[in-house]
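Novice: Pasting a structure here, questions to come.
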Amino acid sequence: MSLGSEEGDKLKPSLAKMFSVIHKSVSEYSRMLAELRRHNYVTPTNYLELVSGYKKLLFDKKNELGGAADKLRNGLSKIDDTRQKVEKMSIELEDAKTKVAQFQKQCDEYLVIIVQQKREADEQQKSVAQKGERIAEEETKCQHMADLAQHDLDEALPTLQEAIAVRNSLCFDLFSLSE
């Protein structure tokens, strides 16, 4: 029987002795004859079944423990990989936090500038609106004055044309007299 390791090879003599003791103790402590009046025979076949059962149990447990050990190694490997990734992400996070803080500071500065420019623009808009109102009032006054002047001109124009006609006729008369 192979136990698969140096330590297992050291255990072989102890295991053989243990199987022998178990085999003998079963026949010595069997109460079948006394209680049930039946004979209980412990044969070499029983001994071989005990050894083969142990080998099968040992093989199954080795496979079970080997699978569990593989899962544990894989799990530890994944945990180590994850730890490294987390460390890397933590460094990236710190860098990102620094950048975010800088951008936040810039945004705050820009916000102050924008608010100030908005106030100035609002003041200019109010000023322009007031000037626009004054200009509209002055335009209304100027239009009224232009209308009055046009009306006066319309009244004075026929008189002027009449005066020109009179002057022309006088000049013509004077010119004709002087000849």
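Going by the structure tokens order, chains are called A, B, ..., each with residues numbered from 1, while ligands are numbered from 1 in the order shown.
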Once you count only C-alpha atoms, what closest atom pair and distance in Å to one decimal does each residue of region 38-144 of chain A within 10 Å of region 27-30 of chain A have, with rows by chain and rising residue number, as a Markdown table?
Specialist:
| residue | atom | partner | partner_atom | distance |
| --- | --- | --- | --- | --- |
| A:His39 | CA | A:Ser30 | CA | 9.0 |
| A:Asn40 | CA | A:Ser30 | CA | 6.9 |
| A:Tyr41 | CA | A:Ser27 | CA | 7.1 |
| A:Val42 | CA | A:Ser27 | CA | 5.9 |
| A:Thr43 | CA | A:Ser27 | CA | 9.4 |
Novice: Quote the spacing between CA of Gln125 (chain A) and CA of Gln143 (chain A) in Å to one decimal place.
Specialist: 25.9 Å
Novice: What is the distance, in Å and to one decimal place, between CA of Leu36 (chain A) and CA of Gly53 (chain A)?
Specialist: 27.1 Å
Novice: Would you mind telling me which residue in A:Ala156, A:Val51, A:Glu137, A:Phe103 lies nearest to Leu15 (chain A) when using only C-alpha atoms?
Specialist: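 Of A:Ala156, A:Val51, A:Glu137, A:Phe103, the one nearest Leu15 (chain A), counting only C-alpha atoms, is A:Val51.
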